[in-house]
$ cat entry_8.cif   # mmCIF, C-alpha atoms
data_input
loop_
_atom_site.group_PDB
_atom_site.id
_atom_site.type_symbol
_atom_site.label_atom_id
_atom_site.label_comp_id
_atom_site.auth_asym_id
_atom_site.auth_seq_id
_atom_site.Cartn_x
_atom_site.Cartn_y
_atom_site.Cartn_z
ATOM 1 C CA MET I 1 -20.882 2.108 -9.344
ATOM 2 C CA TYR I 2 -17.326 0.833 -9.136
ATOM 3 C CA ARG I 3 -15.933 -2.097 -7.195
ATOM 4 C CA LEU I 4 -12.454 -3.423 -6.512
ATOM 5 C CA GLN I 5 -11.282 -6.982 -6.823
ATOM 6 C CA LYS I 6 -7.892 -8.173 -5.662
ATOM 7 C CA TYR I 7 -5.865 -9.805 -8.400
ATOM 8 C CA THR I 8 -5.154 -13.541 -8.207
ATOM 9 C CA LYS I 9 -2.826 -15.552 -10.454
ATOM 10 C CA GLU I 10 -5.844 -17.086 -12.192
ATOM 11 C CA MET I 11 -6.623 -13.618 -13.576
ATOM 12 C CA CYS I 12 -3.240 -13.217 -15.316
ATOM 13 C CA GLN I 13 -4.567 -13.478 -18.881
ATOM 14 C CA ILE I 14 -7.494 -11.126 -18.159
ATOM 15 C CA TRP I 15 -5.051 -8.594 -16.659
ATOM 16 C CA ASP I 16 -2.556 -8.801 -19.526
ATOM 17 C CA ASP I 17 -5.289 -8.633 -22.190
ATOM 18 C CA PHE I 18 -6.635 -5.536 -20.443
ATOM 19 C CA ILE I 19 -3.161 -3.941 -20.511
ATOM 20 C CA ASP I 20 -2.943 -4.583 -24.271
ATOM 21 C CA ALA I 21 -6.287 -2.842 -24.866
ATOM 22 C CA SER I 22 -5.825 -0.030 -22.333
ATOM 23 C CA VAL I 23 -5.222 3.663 -22.941
ATOM 24 C CA ASN I 24 -1.937 3.830 -21.033
ATOM 25 C CA GLY I 25 -0.677 0.314 -20.273
ATOM 26 C CA THR I 26 2.853 -0.818 -21.103
ATOM 27 C CA ILE I 27 4.822 -4.032 -20.846
ATOM 28 C CA PHE I 28 5.819 -2.898 -17.333
ATOM 29 C CA HIS I 29 2.200 -3.264 -16.162
ATOM 30 C CA LYS I 30 1.764 -6.813 -17.436
ATOM 31 C CA GLN I 31 1.689 -9.656 -14.959
ATOM 32 C CA LYS I 32 4.150 -11.541 -17.141
ATOM 33 C CA PHE I 33 6.639 -8.738 -16.429
ATOM 34 C CA LEU I 34 5.688 -8.297 -12.767
ATOM 35 C CA ASP I 35 5.972 -12.060 -12.153
ATOM 36 C CA TYR I 36 9.549 -11.908 -13.411
ATOM 37 C CA HIS I 37 10.710 -10.388 -10.122
ATOM 38 C CA PRO I 38 12.151 -12.531 -7.324
ATOM 39 C CA LYS I 39 9.802 -14.350 -4.969
ATOM 40 C CA THR I 40 10.426 -11.862 -2.157
ATOM 41 C CA PHE I 41 8.734 -9.138 -4.203
ATOM 42 C CA LEU I 42 5.858 -11.338 -5.328
ATOM 43 C CA GLU I 43 4.909 -12.213 -1.747
ATOM 44 C CA ASP I 44 4.014 -8.553 -1.172
ATOM 45 C CA ALA I 45 1.965 -8.178 -4.372
ATOM 46 C CA SER I 46 -1.406 -6.547 -3.790
ATOM 47 C CA HIS I 47 -2.718 -5.692 -7.247
ATOM 48 C CA TYR I 48 -6.221 -4.324 -7.744
ATOM 49 C CA MET I 49 -8.710 -4.601 -10.570
ATOM 50 C CA VAL I 50 -11.424 -1.940 -10.919
ATOM 51 C CA TYR I 51 -14.803 -2.968 -12.301
ATOM 52 C CA GLN I 52 -17.834 -0.977 -13.353
ATOM 53 C CA GLY I 53 -20.543 -3.594 -13.191
ATOM 54 C CA GLN I 54 -18.988 -6.584 -14.987
ATOM 55 C CA GLU I 55 -16.632 -4.450 -17.121
ATOM 56 C CA LEU I 56 -12.966 -4.225 -16.156
ATOM 57 C CA VAL I 57 -12.103 -0.503 -16.439
ATOM 58 C CA GLY I 58 -8.793 -0.247 -14.585
ATOM 59 C CA VAL I 59 -5.949 -2.079 -12.909
ATOM 60 C CA LEU I 60 -3.486 -0.910 -10.279
ATOM 61 C CA PRO I 61 -0.290 -2.885 -9.710
ATOM 62 C CA LEU I 62 0.888 -2.442 -6.107
ATOM 63 C CA PHE I 63 3.144 -4.007 -3.532
ATOM 64 C CA ILE I 64 2.558 -3.725 0.201
ATOM 65 C CA LEU I 65 5.732 -3.284 2.200
ATOM 66 C CA VAL I 66 6.067 -3.182 5.967
ATOM 67 C CA LYS I 67 8.421 -0.454 7.168
ATOM 68 C CA GLY I 68 8.596 -0.417 10.944
ATOM 69 C CA ASP I 69 5.052 0.077 12.222
ATOM 70 C CA ASN I 70 3.793 1.256 8.822
ATOM 71 C CA LYS I 71 2.365 -0.553 5.827
ATOM 72 C CA VAL I 72 3.279 1.218 2.595
ATOM 73 C CA ALA I 73 1.572 0.583 -0.745
ATOM 74 C CA LYS I 74 4.046 1.157 -3.555
ATOM 75 C CA SER I 75 4.295 0.785 -7.316
ATOM 76 C CA PRO I 76 6.037 -2.477 -8.263
ATOM 77 C CA HIS I 77 9.789 -2.831 -7.887
ATOM 78 C CA GLY I 78 11.640 -2.537 -11.161
ATOM 79 C CA ALA I 79 8.692 -1.262 -13.181
ATOM 80 C CA SER I 80 9.450 1.947 -15.037
ATOM 81 C CA TYR I 81 5.809 2.998 -14.974
ATOM 82 C CA GLY I 82 3.099 2.441 -12.412
ATOM 83 C CA GLY I 83 -0.140 4.122 -11.483
ATOM 84 C CA LEU I 84 -3.634 3.217 -12.536
ATOM 85 C CA VAL I 85 -4.007 1.723 -16.003
ATOM 86 C CA TYR I 86 -7.417 2.402 -17.515
ATOM 87 C CA SER I 87 -9.553 1.442 -20.483
ATOM 88 C CA ARG I 88 -10.863 4.905 -21.370
ATOM 89 C CA LYS I 89 -10.659 8.485 -20.237
ATOM 90 C CA PHE I 90 -12.665 9.343 -17.146
ATOM 91 C CA SER I 91 -14.170 12.571 -15.868
ATOM 92 C CA TYR I 92 -12.660 14.027 -12.719
ATOM 93 C CA GLN I 93 -15.715 12.932 -10.711
ATOM 94 C CA LYS I 94 -15.477 9.297 -11.841
ATOM 95 C CA ALA I 95 -11.665 9.211 -11.482
ATOM 96 C CA ASN I 96 -11.977 10.589 -7.962
ATOM 97 C CA GLU I 97 -14.635 7.982 -7.124
ATOM 98 C CA ILE I 98 -12.260 5.199 -8.244
ATOM 99 C CA VAL I 99 -9.306 6.673 -6.356
ATOM 100 C CA CYS I 100 -11.387 7.070 -3.167
ATOM 101 C CA LEU I 101 -12.446 3.425 -3.488
ATOM 102 C CA ILE I 102 -8.783 2.401 -3.750
ATOM 103 C CA ARG I 103 -7.821 4.630 -0.801
ATOM 104 C CA ASP I 104 -10.593 3.182 1.375
ATOM 105 C CA SER I 105 -9.545 -0.378 0.509
ATOM 106 C CA LEU I 106 -5.906 0.379 1.343
ATOM 107 C CA LEU I 107 -6.886 2.033 4.640
ATOM 108 C CA THR I 108 -9.004 -1.019 5.527
ATOM 109 C CA ALA I 109 -5.918 -3.173 4.833
ATOM 110 C CA GLY I 110 -3.935 -1.040 7.311
ATOM 111 C CA VAL I 111 -1.887 0.819 4.692
ATOM 112 C CA THR I 112 -0.579 4.149 6.005
ATOM 113 C CA SER I 113 0.863 5.624 2.802
ATOM 114 C CA LEU I 114 0.823 5.207 -0.972
ATOM 115 C CA LEU I 115 3.889 5.827 -3.152
ATOM 116 C CA PHE I 116 3.284 5.433 -6.863
ATOM 117 C CA THR I 117 5.264 5.733 -10.051
ATOM 118 C CA PRO I 118 3.011 7.608 -12.478
ATOM 119 C CA SER I 119 1.902 5.881 -15.639
ATOM 120 C CA LEU I 120 3.106 7.023 -19.039
ATOM 121 C CA LYS I 121 1.361 10.213 -20.187
ATOM 122 C CA TYR I 122 0.440 10.991 -23.762
ATOM 123 C CA GLU I 123 -1.828 13.952 -23.141
ATOM 124 C CA GLN I 124 -2.285 16.366 -20.235
ATOM 125 C CA GLU I 125 -5.740 15.031 -19.372
ATOM 126 C CA ASP I 126 -4.188 11.589 -18.851
ATOM 127 C CA ARG I 127 -2.942 12.858 -15.475
ATOM 128 C CA ILE I 128 -6.449 12.876 -13.946
ATOM 129 C CA PHE I 129 -5.894 9.767 -11.795
ATOM 130 C CA ASP I 130 -2.476 10.978 -10.660
ATOM 131 C CA PHE I 131 -4.014 14.314 -9.681
ATOM 132 C CA CYS I 132 -6.734 12.537 -7.675
ATOM 133 C CA LEU I 133 -4.145 10.354 -5.924
ATOM 134 C CA LEU I 134 -1.963 13.362 -5.083
ATOM 135 C CA ARG I 135 -4.992 15.299 -3.826
ATOM 136 C CA LEU I 136 -5.696 12.502 -1.360
ATOM 137 C CA GLY I 137 -2.120 12.526 -0.053
ATOM 138 C CA ALA I 138 -0.313 9.937 -2.180
ATOM 139 C CA SER I 139 3.255 10.688 -3.285
ATOM 140 C CA GLU I 140 4.809 10.279 -6.728
ATOM 141 C CA ILE I 141 8.150 8.499 -6.999
ATOM 142 C CA ASN I 142 10.398 7.756 -9.991
ATOM 143 C CA ILE I 143 9.007 10.593 -12.109
ATOM 144 C CA ASP I 144 12.039 10.899 -14.360
ATOM 145 C CA ALA I 145 10.558 9.140 -17.400
ATOM 146 C CA VAL I 146 6.797 9.512 -17.414
ATOM 147 C CA SER I 147 6.036 11.889 -20.279
ATOM 148 C CA VAL I 148 5.982 11.398 -24.009
ATOM 149 C CA ILE I 149 6.575 14.055 -26.628
ATOM 150 C CA PRO I 150 4.988 12.870 -29.886
ATOM 151 C CA LEU I 151 7.766 13.800 -32.304
ATOM 152 C CA GLU I 152 5.712 13.095 -35.411
ATOM 153 C CA SER I 153 3.534 16.121 -34.590
ATOM 154 C CA LEU I 154 6.454 18.505 -34.095
ATOM 155 C CA SER I 155 7.394 20.940 -36.816
ATOM 156 C CA VAL I 156 11.088 21.699 -37.352
ATOM 157 C CA ASP I 157 10.177 25.383 -36.931
ATOM 158 C CA ASN I 158 9.117 24.674 -33.344
ATOM 159 C CA LEU I 159 12.565 23.333 -32.503
ATOM 160 C CA PHE I 160 14.307 26.708 -32.860
ATOM 161 C CA SER I 161 14.169 29.905 -30.838
ATOM 162 C CA SER I 162 13.100 33.143 -32.553
ATOM 163 C CA SER I 163 16.740 34.282 -32.525
ATOM 164 C CA ALA I 164 17.896 31.099 -34.279
ATOM 165 C CA LYS I 165 15.115 31.497 -36.853
ATOM 166 C CA ARG I 166 16.270 35.082 -37.576
ATOM 167 C CA HIS I 167 19.854 33.905 -38.058
ATOM 168 C CA LEU I 168 18.644 31.116 -40.337
ATOM 169 C CA LYS I 169 16.706 33.595 -42.516
ATOM 170 C CA LYS I 170 19.712 35.910 -42.617
ATOM 171 C CA SER I 171 22.036 33.093 -43.683
ATOM 172 C CA ASN I 172 19.599 32.142 -46.453
ATOM 173 C CA ARG I 173 19.734 35.710 -47.807
ATOM 174 C CA TYR I 174 23.504 35.306 -48.218
ATOM 175 C CA ASN I 175 23.102 31.895 -49.874
ATOM 176 C CA ILE I 176 24.636 30.084 -46.933
ATOM 177 C CA GLN I 177 23.385 26.524 -46.901
ATOM 178 C CA THR I 178 22.122 25.206 -43.568
ATOM 179 C CA GLU I 179 20.947 21.766 -42.617
ATOM 180 C CA LEU I 180 19.492 20.093 -39.578
ATOM 181 C CA ASN I 181 22.160 17.931 -38.012
ATOM 182 C CA SER I 182 22.266 15.808 -34.914
ATOM 183 C CA THR I 183 25.502 15.309 -33.029
ATOM 184 C CA SER I 184 26.462 13.343 -30.006
ATOM 185 C CA ILE I 185 28.962 14.395 -27.399
ATOM 186 C CA ASP I 186 30.937 11.785 -25.515
ATOM 187 C CA HIS I 187 31.028 12.349 -21.769
#
$ encode --input "entry_8.cif" --output "structure tokens"
Amino acid sequence: MYRLQKYTKEMCQIWDDFIDASVNGTIFHKQKFLDYHPKTFLEDASHYMVYQGQELVGVLPLFILVKGDNKVAKSPHGASYGGLVYSRKFSYQKANEIVCLIRDSLLTAGVTSLLFTPSLKYEQEDRIFDFCLLRLGASEINIDAVSVIPLESLSVDNLFSSSAKRHLKKSNRYNIQTELNSTSIDH
């Protein structure tokens, strides 16, 4: 069984320690970063902590903004990554249970929509919470920098098309030396 607890400033160290130990947390999820923003942003802070029993298993940094007659829950201003930060991978069923708990809490608070910046993804299955949020009607924003390509696992062979590989083999037959080079183009 999961339960939500609203974050208070007294929980700052617990939150930041959780981010350090989490699967997908970054500096942009830490309260020390979020507290950096001007007072006008902090007044709208409505961060959630997700517990399973006594164990903290997730945190969700949010701000509640009033736009006309609507209350909008949104990932923090200025944070490059948002979304739910979690301590381990969850099954779809458990992730959906957590997301439904968050949705119900936001609805009870009068929130009419949720806009979130996804958290940083290392593996495809890390998108489970985002998928659950989208399924329930949330919208992703700021999705331009939310994926990671682990370069250490890439082979140079995977960087070239089959045509380029053929040309490379052909040049080797004629003793033409080739090398991998990186260039930059000024715009």
$ resolve_selection --input "entry_8.cif" --expression "the PyMOL selection byres ((chain I and resi 71) around 9)" --output "list of chain:residue names"
I:Ile64, I:Leu65, I:Val66, I:Lys67, I:Gly68, I:Asp69, I:Asn70, I:Val72, I:Ala73, I:Ala109, I:Gly110, I:Val111, I:Thr112, I:Ser113
$ resolve_selection --input "entry_8.cif" --expression "the PyMOL selection byres ((chain I and resi 12) around 12)" --output "list in words"
Lys6, Tyr7, Thr8, Lys9, Glu10, Met11, Gln13, Ile14, Trp15, Asp16, Asp17, Phe18, Ile19, His29, Lys30, Gln31, Lys32, Phe33, Leu34, Asp35, His47, Met49 and Val59 of chain I
$ atom_distance --input "entry_8.cif" --atom1 "atom CA of I:Ala21" --atom2 "atom CA of I:Val57"
10.5 Å
$ closest_residue --input "entry_8.cif" --among "I:Pro76, I:Tyr2, I:Phe90, I:Glu97" --to "I:Phe28" --atoms "all atoms listed in the file"
I:Pro76
$ atom_distance --input "entry_8.cif" --atom1 "atom CA of I:Val23" --atom2 "atom CA of I:Tyr86"
6.0 Å
$ closest_residue --input "entry_8.cif" --among "I:Ser161, I:Gln93, I:Thr117, I:Asn24" --to "I:Leu134" --atoms "all atoms listed in the file"
I:Thr117
$ atom_distance --input "entry_8.cif" --atom1 "atom CA of I:Leu136" --atom2 "atom CA of I:Ser91"
16.8 Å
$ closest_residue --input "entry_8.cif" --among "I:Ile98, I:Val50, I:Ala45, I:Leu115" --to "I:Lys74" --atoms "all atoms listed in the file"
I:Leu115
$ resolve_selection --input "entry_8.cif" --expression "the PyMOL selection byres ((chain I and resi 84) around 6)" --output "JSON, numbers by chain"
{"I": [59, 60, 83, 85]}
$ write_last_selection --input "entry_8.cif" --atoms "C-alpha atoms" --output "PDB file, in the coordinates of the input"
ATOM      1  CA  VAL I  59      -5.949  -2.079 -12.909  1.00  0.00           C
ATOM      2  CA  LEU I  60      -3.486  -0.910 -10.279  1.00  0.00           C
ATOM      3  CA  GLY I  83      -0.140   4.122 -11.483  1.00  0.00           C
ATOM      4  CA  VAL I  85      -4.007   1.723 -16.003  1.00  0.00           C
TER       5      VAL I  85
END
$ closest_residue --input "entry_8.cif" --among "I:Pro61, I:Gly137, I:Ser46, I:Tyr174" --to "I:Thr26" --atoms "all atoms listed in the file"
I:Pro61
$ residues_around --input "entry_8.cif" --residues "I:Asn96" --least-positions-apart "3" --cutoff "9 Å" --atoms "only C-alpha atoms" --output "PDB file with C-alpha atoms, in the frame of the given file"
ATOM      1  CA  SER I  91     -14.170  12.571 -15.868  1.00  0.00           C
ATOM      2  CA  TYR I  92     -12.660  14.027 -12.719  1.00  0.00           C
ATOM      3  CA  GLN I  93     -15.715  12.932 -10.711  1.00  0.00           C
ATOM      4  CA  VAL I  99      -9.306   6.673  -6.356  1.00  0.00           C
ATOM      5  CA  CYS I 100     -11.387   7.070  -3.167  1.00  0.00           C
ATOM      6  CA  LEU I 101     -12.446   3.425  -3.488  1.00  0.00           C
ATOM      7  CA  ILE I 128      -6.449  12.876 -13.946  1.00  0.00           C
ATOM      8  CA  PHE I 129      -5.894   9.767 -11.795  1.00  0.00           C
ATOM      9  CA  PHE I 131      -4.014  14.314  -9.681  1.00  0.00           C
ATOM     10  CA  CYS I 132      -6.734  12.537  -7.675  1.00  0.00           C
ATOM     11  CA  LEU I 133      -4.145  10.354  -5.924  1.00  0.00           C
TER      12      LEU I 133
END
$ build_atoms --input "entry_8.cif" --residues "stretch 54-75 of chain I" --atoms "N, CA, C and O atoms" --output "mmCIF file, keeping the file's coordinate frame"
data_model
loop_
_atom_site.group_PDB
_atom_site.id
_atom_site.type_symbol
_atom_site.label_atom_id
_atom_site.label_comp_id
_atom_site.auth_asym_id
_atom_site.auth_seq_id
_atom_site.Cartn_x
_atom_site.Cartn_y
_atom_site.Cartn_z
ATOM 1 N N GLN I 54 -19.813 -5.428 -14.614
ATOM 2 C CA GLN I 54 -18.988 -6.584 -14.987
ATOM 3 C C GLN I 54 -17.794 -6.203 -15.859
ATOM 4 O O GLN I 54 -16.977 -7.048 -16.205
ATOM 5 N N GLU I 55 -17.692 -4.907 -16.211
ATOM 6 C CA GLU I 55 -16.632 -4.450 -17.121
ATOM 7 C C GLU I 55 -15.380 -4.036 -16.350
ATOM 8 O O GLU I 55 -15.437 -3.196 -15.446
ATOM 9 N N LEU I 56 -14.250 -4.622 -16.718
ATOM 10 C CA LEU I 56 -12.966 -4.225 -16.156
ATOM 11 C C LEU I 56 -12.584 -2.884 -16.769
ATOM 12 O O LEU I 56 -12.471 -2.763 -17.990
ATOM 13 N N VAL I 57 -12.404 -1.852 -15.937
ATOM 14 C CA VAL I 57 -12.103 -0.503 -16.439
ATOM 15 C C VAL I 57 -10.751 0.017 -15.974
ATOM 16 O O VAL I 57 -10.298 1.055 -16.433
ATOM 17 N N GLY I 58 -10.093 -0.695 -15.052
ATOM 18 C CA GLY I 58 -8.793 -0.247 -14.585
ATOM 19 C C GLY I 58 -8.082 -1.313 -13.782
ATOM 20 O O GLY I 58 -8.718 -2.207 -13.215
ATOM 21 N N VAL I 59 -6.763 -1.206 -13.754
ATOM 22 C CA VAL I 59 -5.949 -2.079 -12.909
ATOM 23 C C VAL I 59 -4.873 -1.233 -12.238
ATOM 24 O O VAL I 59 -4.418 -0.234 -12.793
ATOM 25 N N LEU I 60 -4.510 -1.631 -11.036
ATOM 26 C CA LEU I 60 -3.486 -0.910 -10.279
ATOM 27 C C LEU I 60 -2.501 -1.903 -9.692
ATOM 28 O O LEU I 60 -2.812 -2.598 -8.730
ATOM 29 N N PRO I 61 -1.303 -2.001 -10.283
ATOM 30 C CA PRO I 61 -0.290 -2.885 -9.710
ATOM 31 C C PRO I 61 0.331 -2.232 -8.470
ATOM 32 O O PRO I 61 0.761 -1.088 -8.525
ATOM 33 N N LEU I 62 0.329 -2.951 -7.360
ATOM 34 C CA LEU I 62 0.888 -2.442 -6.107
ATOM 35 C C LEU I 62 1.610 -3.548 -5.360
ATOM 36 O O LEU I 62 1.320 -4.730 -5.540
ATOM 37 N N PHE I 63 2.511 -3.126 -4.497
ATOM 38 C CA PHE I 63 3.144 -4.007 -3.532
ATOM 39 C C PHE I 63 2.940 -3.386 -2.166
ATOM 40 O O PHE I 63 2.983 -2.166 -2.024
ATOM 41 N N ILE I 64 2.700 -4.210 -1.170
ATOM 42 C CA ILE I 64 2.558 -3.725 0.201
ATOM 43 C C ILE I 64 3.837 -4.095 0.943
ATOM 44 O O ILE I 64 4.207 -5.262 1.023
ATOM 45 N N LEU I 65 4.493 -3.085 1.462
ATOM 46 C CA LEU I 65 5.732 -3.284 2.200
ATOM 47 C C LEU I 65 5.516 -2.856 3.640
ATOM 48 O O LEU I 65 4.818 -1.878 3.906
ATOM 49 N N VAL I 66 6.136 -3.562 4.559
ATOM 50 C CA VAL I 66 6.067 -3.182 5.967
ATOM 51 C C VAL I 66 7.384 -2.495 6.303
ATOM 52 O O VAL I 66 8.462 -3.058 6.126
ATOM 53 N N LYS I 67 7.256 -1.245 6.753
ATOM 54 C CA LYS I 67 8.421 -0.454 7.168
ATOM 55 C C LYS I 67 8.184 -0.019 8.606
ATOM 56 O O LYS I 67 7.409 0.894 8.857
ATOM 57 N N GLY I 68 8.827 -0.713 9.530
ATOM 58 C CA GLY I 68 8.596 -0.417 10.944
ATOM 59 C C GLY I 68 7.165 -0.740 11.314
ATOM 60 O O GLY I 68 6.685 -1.842 11.096
ATOM 61 N N ASP I 69 6.463 0.259 11.837
ATOM 62 C CA ASP I 69 5.052 0.077 12.222
ATOM 63 C C ASP I 69 4.103 0.421 11.087
ATOM 64 O O ASP I 69 2.890 0.385 11.261
ATOM 65 N N ASN I 70 4.633 0.785 9.928
ATOM 66 C CA ASN I 70 3.793 1.256 8.822
ATOM 67 C C ASN I 70 3.728 0.253 7.682
ATOM 68 O O ASN I 70 4.700 -0.416 7.370
ATOM 69 N N LYS I 71 2.548 0.190 7.075
ATOM 70 C CA LYS I 71 2.365 -0.553 5.827
ATOM 71 C C LYS I 71 2.332 0.478 4.707
ATOM 72 O O LYS I 71 1.549 1.435 4.762
ATOM 73 N N VAL I 72 3.176 0.272 3.703
ATOM 74 C CA VAL I 72 3.279 1.218 2.595
ATOM 75 C C VAL I 72 2.892 0.512 1.301
ATOM 76 O O VAL I 72 3.441 -0.536 0.974
ATOM 77 N N ALA I 73 1.933 1.084 0.589
ATOM 78 C CA ALA I 73 1.572 0.583 -0.745
ATOM 79 C C ALA I 73 2.456 1.322 -1.734
ATOM 80 O O ALA I 73 2.589 2.546 -1.676
ATOM 81 N N LYS I 74 3.063 0.563 -2.658
ATOM 82 C CA LYS I 74 4.046 1.157 -3.555
ATOM 83 C C LYS I 74 3.931 0.537 -4.939
ATOM 84 O O LYS I 74 3.597 -0.636 -5.065
ATOM 85 N N SER I 75 4.229 1.336 -5.961
ATOM 86 C CA SER I 75 4.295 0.785 -7.316
ATOM 87 C C SER I 75 5.327 -0.334 -7.342
ATOM 88 O O SER I 75 6.292 -0.318 -6.573
#
